[in-house]
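J.: Dropping the structure in here first, questions after.
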Amino acid sequence: MHGGRVAGELLLGVALCLAGVLLLIGTSSITVSPAYARVGPRVFPFLVAVGLIAVGVVYAVESSRGRRQIDEKPATVLPVVVICAAMILDAFLFDRLGFILSSTLLFALVAAGFGSRHYFLNIVIGLVLSGIAYVVFVYGLGLNLPGGILAGWS
Amino acid sequence: MSALDHLLLGFSTALTVTNLLWSLLGVTLGTVIGILPGIGPALTIALLLPLTSHLDPTGAFIMFAGLYYGAMYGSSTTSILLNTPGESGSIITALEGNKMAKSGRGAAALATAAIGSFVAGTIGTILITFLAPFAIKIALKFGPVEYFSLMVLAFVTVTGLLGESRTRGLISLFIGLAIGLIGIDTLTGQARFALGIPQLLDGVDIVVVAVGLFAVGEAIYIASRPDLAAATIEPVKGSLWMTAEEWRRSWLPWLRGTLLGFPFGALPAGGTEIPTFLSYSLERKLSKKPEEFGRGAIEGVAGPEAANNAAVAGVLVPLLTLGLPTSATAAIMLAAFQQYGLQPGPLLFSGESELVWGLIASLYIGNIMLLILNLPLVGIWVRLLSIPTPWLYGGILVFSTLGVYSLNNSTFDLYLLFGLGLVGFLMRNFDIPVAPCIIGLILGPLAEQQLRRALTISQGDFSVLVTHPISLGFLVTAVAVILVPFLIRRLLRVTVLE
């Protein structure tokens, strides 16, 4: 476990450096008109990129020295997968099914991800919750939420 | 006009029926979200931003202010009864308050926390009232150079003054600064780092980042750690009317906590954690019965809770007078000002004095409402603690997607929300704090503007940053904040080795 954590921290340090390098490359591709030659749109991104690389290096060095105390219990993977799937599915279905149905699905899946076994009850609660939210925000506050396949009914 | 005249004007704004209702809505929402684990004031205000964009700004800010104070009252209730502090300022309250609840003195702990919050909140608001005009006079002397250096100082202090976590704080800050670069450069109109995606030209909205990191990241993290979810709720036992002895033991810690907490918030000195810890150790030293600490000493709730609330009030001074947020919630409040096209600072006080002083006046009113909501009515809110975790997080995510979608009516933001949620989950796993990222995201573009203005005036000469005395002072302080703890550790190690 200890080794895994240190490897993860090293990886994060490397990822930060990589992000900094990408930022540097992106910065060099910003065109600078002569009027701004001295203090143009490149200065600040350059500073941020250098900062990212610096903290990445410091972090990687610190973690390889292993000075941190680690008392982690291993994370369970399945709930993470379920909730991620729920979020992506929701983004995909939001316009297609409409707010109420996609949110019902999101609610039920997230609840299942948190270990709730009352699948049918969760769907009912999700439906009631998103139905109320739809009415309050669309008719009460004038928000624009997609009606989706239920839109024809109202 | 003196501060008192301004305040009277503010009360005439805040005491209208509509604004009183906004305040009541704000403090009630604040109490509720403070009590519910998993939602904080930063997340709630972020979610409310897209929903309130066409409201009258004065009403909206009165509501946000109520929410801001209310969340602090509510979170102490959760710490005492559930031993899961909602935010870092309540860790100490949980320590001592939960012990009190376990030994059947929960009601007294809730009472001293609520009254302490009221005392600290009211004194803090009085200090805001009289310090703000003074801070504005200083702010008027600042040019772009000073503002930039002050922001650098704020970056350093918010990344955490406490040893080991500093690198992680800086990581968070730079992630925020990097995200803040995305979009059209305001000075030249060029697109930067938008990767050719049209939706990114306006930049990544702070609402998406805050909701992604706080709500989605937190939800995934809690779900991945089933052992975190189980906690026992202590029933409220005892009388909410404190005994004479409890009053006697509470009032001095309230005042001392307030005096400790306020400067930490008002000077950008890194949040509510440090003053609550300081207040706790101070009360333990001064107590006649130090052996009670760790087993439910009322001073250990009264002092830190007052310190927490006073720091929260203090944060409003740099936010309103300088436009400088020093906490995640303050950063979102700054985003709220920007949404209405307002820029906090001296000009806000002269141009929008009705709004600003109405907001400050509503803090006095909100404090009184909160005392009533959190003492006689605390039994109602405690029931919220029994909402099952799966439904709580299911609901949080439904409202998160609703708020984020409403920003631009675009599902692109929902994918972005998910991506940032993953980032938040990773940050949580590596114990990287979220607040510096939010502050970096909102302050980064402002710091860049000030830097470029400063450099344009100086014709590209960076030395202005150190030749202006005020600016030099800020930068020296910033360097000291980074180096001093490091040097102390070095010195300690050397002496130990010898």
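Chain labels follow the order of the structure tokens: the first chain is A, the next B, and so on; residue numbering restarts at 1 in every chain, and ligands are counted from 1 in their shown order.
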Using only C-alpha atoms, which protein or nucleic acid residues come within 10 Å of Lys99 of chain B? Drop anything in the same chain fewer than 3 positions from it, and give the result as number ranges by chain.
T.: B: 80-81, 83, 93-96, 102-106, 109, 234, 293-298
J.: Would you save the residues from that selection as a compact mmCIF listing (two decimals), in the first residue's frame, using C-alpha atoms?
T.:
```txt
# COMPACT_ATOMS: atom_id res chain seq x y z
CA ILE B 80 -21.22 18.74 17.99
CA LEU B 81 -23.87 16.11 17.27
CA ASN B 83 -18.44 14.64 15.08
CA THR B 93 -15.66 22.41 17.87
CA ALA B 94 -16.09 18.76 16.95
CA LEU B 95 -13.26 17.78 19.28
CA GLU B 96 -14.69 19.23 22.46
CA LYS B 102 -21.71 12.23 24.46
CA SER B 103 -21.78 13.06 28.16
CA GLY B 104 -25.31 14.44 27.93
CA ARG B 105 -24.49 18.14 27.70
CA GLY B 106 -25.19 18.51 23.98
CA ALA B 109 -22.62 22.86 23.75
CA GLU B 234 -25.91 12.20 19.40
CA PHE B 293 -10.09 19.61 28.01
CA GLY B 294 -10.45 16.57 25.78
CA ARG B 295 -13.38 15.40 27.88
CA GLY B 296 -15.89 18.12 27.04
CA ALA B 297 -14.82 21.52 28.36
CA ILE B 298 -17.30 24.25 27.49
```
J.: Considering only C-alpha atoms, tabulate each residue of chain B that lies at most 8 Å from chain A along with its nearest interatomic pair and the corresponding distance in Å to one decimal; arrange the rows by chain and ascending residue number and present them as CSV.
T.:
```
residue,atom,partner,partner_atom,distance
B:Leu51,CA,A:Leu143,CA,7.4
B:Thr167,CA,A:Tyr59,CA,6.5
B:Arg168,CA,A:Tyr59,CA,7.7
B:Leu170,CA,A:Val55,CA,6.8
B:Ile171,CA,A:Val55,CA,6.1
B:Phe174,CA,A:Leu52,CA,5.9
B:Ile175,CA,A:Leu52,CA,7.7
B:Leu177,CA,A:Val48,CA,6.7
B:Ala178,CA,A:Val48,CA,6.5
B:Leu181,CA,A:Pro45,CA,6.8
B:Asp185,CA,A:Pro41,CA,7.0
B:Leu187,CA,A:Pro41,CA,8.0
B:Thr188,CA,A:Pro41,CA,7.4
B:Arg192,CA,A:Ile30,CA,6.9
B:Phe193,CA,A:Gly26,CA,6.5
B:Ile220,CA,A:Val80,CA,5.6
B:Tyr221,CA,A:Val80,CA,7.7
B:Ala223,CA,A:Phe114,CA,5.3
B:Ser224,CA,A:Thr76,CA,4.9
B:Arg225,CA,A:Ala75,CA,5.7
B:Pro226,CA,A:Thr76,CA,7.9
B:Thr389,CA,A:Phe114,CA,7.3
B:Pro390,CA,A:Ala111,CA,4.3
B:Trp391,CA,A:Ala111,CA,5.9
B:Tyr393,CA,A:Val110,CA,7.2
B:Gly394,CA,A:Phe107,CA,4.5
B:Gly395,CA,A:Phe107,CA,6.5
B:Leu397,CA,A:Phe107,CA,7.4
B:Val398,CA,A:Ser103,CA,5.8
B:Ser406,CA,A:Asn144,CA,7.0
B:Asn409,CA,A:Asn144,CA,7.2
B:Thr411,CA,A:Ala91,CA,5.9
B:Phe412,CA,A:Ala91,CA,7.8
B:Leu414,CA,A:Ala91,CA,5.3
B:Tyr415,CA,A:Ala91,CA,6.0
B:Phe418,CA,A:Met87,CA,6.3
B:Phe430,CA,A:Glu9,CA,7.5
B:Glu448,CA,A:Phe44,CA,6.1
B:Arg452,CA,A:Val39,CA,5.9
B:Leu455,CA,A:Val39,CA,6.4
B:Thr456,CA,A:Val39,CA,6.5
B:Gln459,CA,A:Arg38,CA,7.2
B:Gly460,CA,A:Arg38,CA,5.4
```
J.: Quick one: pick out all helix (DSSP H, G or I) residues within segment 202-404 of chain B from a backbone DSSP run and write them as an MDAnalysis selection string.
T.: chainID B and resid 206:224 226:229 244:266 273:286 290:292 299:314 316:322 328:339 346:351 353:374 378:386 389:404
J.: What is the atom CA of Thr321 of chain B-atom CA of Pro346 of chain B distance in Å, reported with one decimal?
T.: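 Between atom CA of Thr321 of chain B and atom CA of Pro346 of chain B the gap works out to 5.8 Å.
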J.: Out of segment 60-268 of chain B, which residues get strand (DSSP E) from DSSP, as a VMD selection string?
T.: chain B and resid 183 to 184 191 to 192
J.: Can you pull out every residue within 8 Å of Leu82 of chain B, counting only C-alpha atoms, but drop anything in the same chain fewer than 6 positions away, and send it as number ranges by chain?
T.: B: 98, 231-234
J.: Would you kindly return, as a PyMOL selection string, each protein, DNA or RNA residue with an atom no farther than 9 Å from any atom of Leu392 of chain B, considering only C-alpha atoms and excluding same-chain residues fewer than 4 positions away?
T.: (chain A and resi 111) or (chain B and resi 36-38+387-388+396-397)
J.: With N, CA and C atoms kept, could you save the residues just selected as a PDB file, in the first residue's frame?
T.:
```
ATOM      1  N   ALA A 111     -27.396   6.936  -5.988  1.00  0.00           N
ATOM      2  CA  ALA A 111     -27.833   6.282  -4.756  1.00  0.00           C
ATOM      3  C   ALA A 111     -27.351   4.836  -4.736  1.00  0.00           C
TER       4      ALA A 111
ATOM      5  N   LEU B  36     -26.160  19.979   6.800  1.00  0.00           N
ATOM      6  CA  LEU B  36     -26.008  18.803   5.935  1.00  0.00           C
ATOM      7  C   LEU B  36     -24.535  18.543   5.674  1.00  0.00           C
ATOM      8  N   PRO B  37     -24.062  17.332   5.937  1.00  0.00           N
ATOM      9  CA  PRO B  37     -22.665  17.040   5.609  1.00  0.00           C
ATOM     10  C   PRO B  37     -22.502  16.984   4.087  1.00  0.00           C
ATOM     11  N   GLY B  38     -21.358  17.422   3.592  1.00  0.00           N
ATOM     12  CA  GLY B  38     -21.108  17.309   2.158  1.00  0.00           C
ATOM     13  C   GLY B  38     -21.399  18.558   1.364  1.00  0.00           C
ATOM     14  N   ILE B 387     -31.087  12.225   7.065  1.00  0.00           N
ATOM     15  CA  ILE B 387     -31.255  11.903   5.636  1.00  0.00           C
ATOM     16  C   ILE B 387     -30.187  10.881   5.240  1.00  0.00           C
ATOM     17  N   PRO B 388     -30.597   9.753   4.627  1.00  0.00           N
ATOM     18  CA  PRO B 388     -29.594   8.745   4.252  1.00  0.00           C
ATOM     19  C   PRO B 388     -28.594   9.304   3.243  1.00  0.00           C
ATOM     20  N   ILE B 396     -27.635  16.108  -4.206  1.00  0.00           N
ATOM     21  CA  ILE B 396     -26.590  17.111  -4.449  1.00  0.00           C
ATOM     22  C   ILE B 396     -26.183  17.091  -5.930  1.00  0.00           C
ATOM     23  N   LEU B 397     -26.028  15.879  -6.497  1.00  0.00           N
ATOM     24  CA  LEU B 397     -25.579  15.812  -7.885  1.00  0.00           C
ATOM     25  C   LEU B 397     -26.669  16.265  -8.852  1.00  0.00           C
TER      26      LEU B 397
END
```
J.: Neighbouring residues of Lys141 of chain B were defined as those with any atom within 12 Å, considering only C-alpha atoms; residues of the same chain fewer than 6 positions away were excluded. Please report them as number ranges by chain.
T.: B: 134-135, 147, 322, 345-346, 468, 470-471
J.: Would you mind reading off the distance between atom CA of Thr31 of chain B and atom CA of Arg284 of chain B, one decimal, in Å?
T.: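 Going from atom CA of Thr31 of chain B over to atom CA of Arg284 of chain B, I get 29.1 Å.
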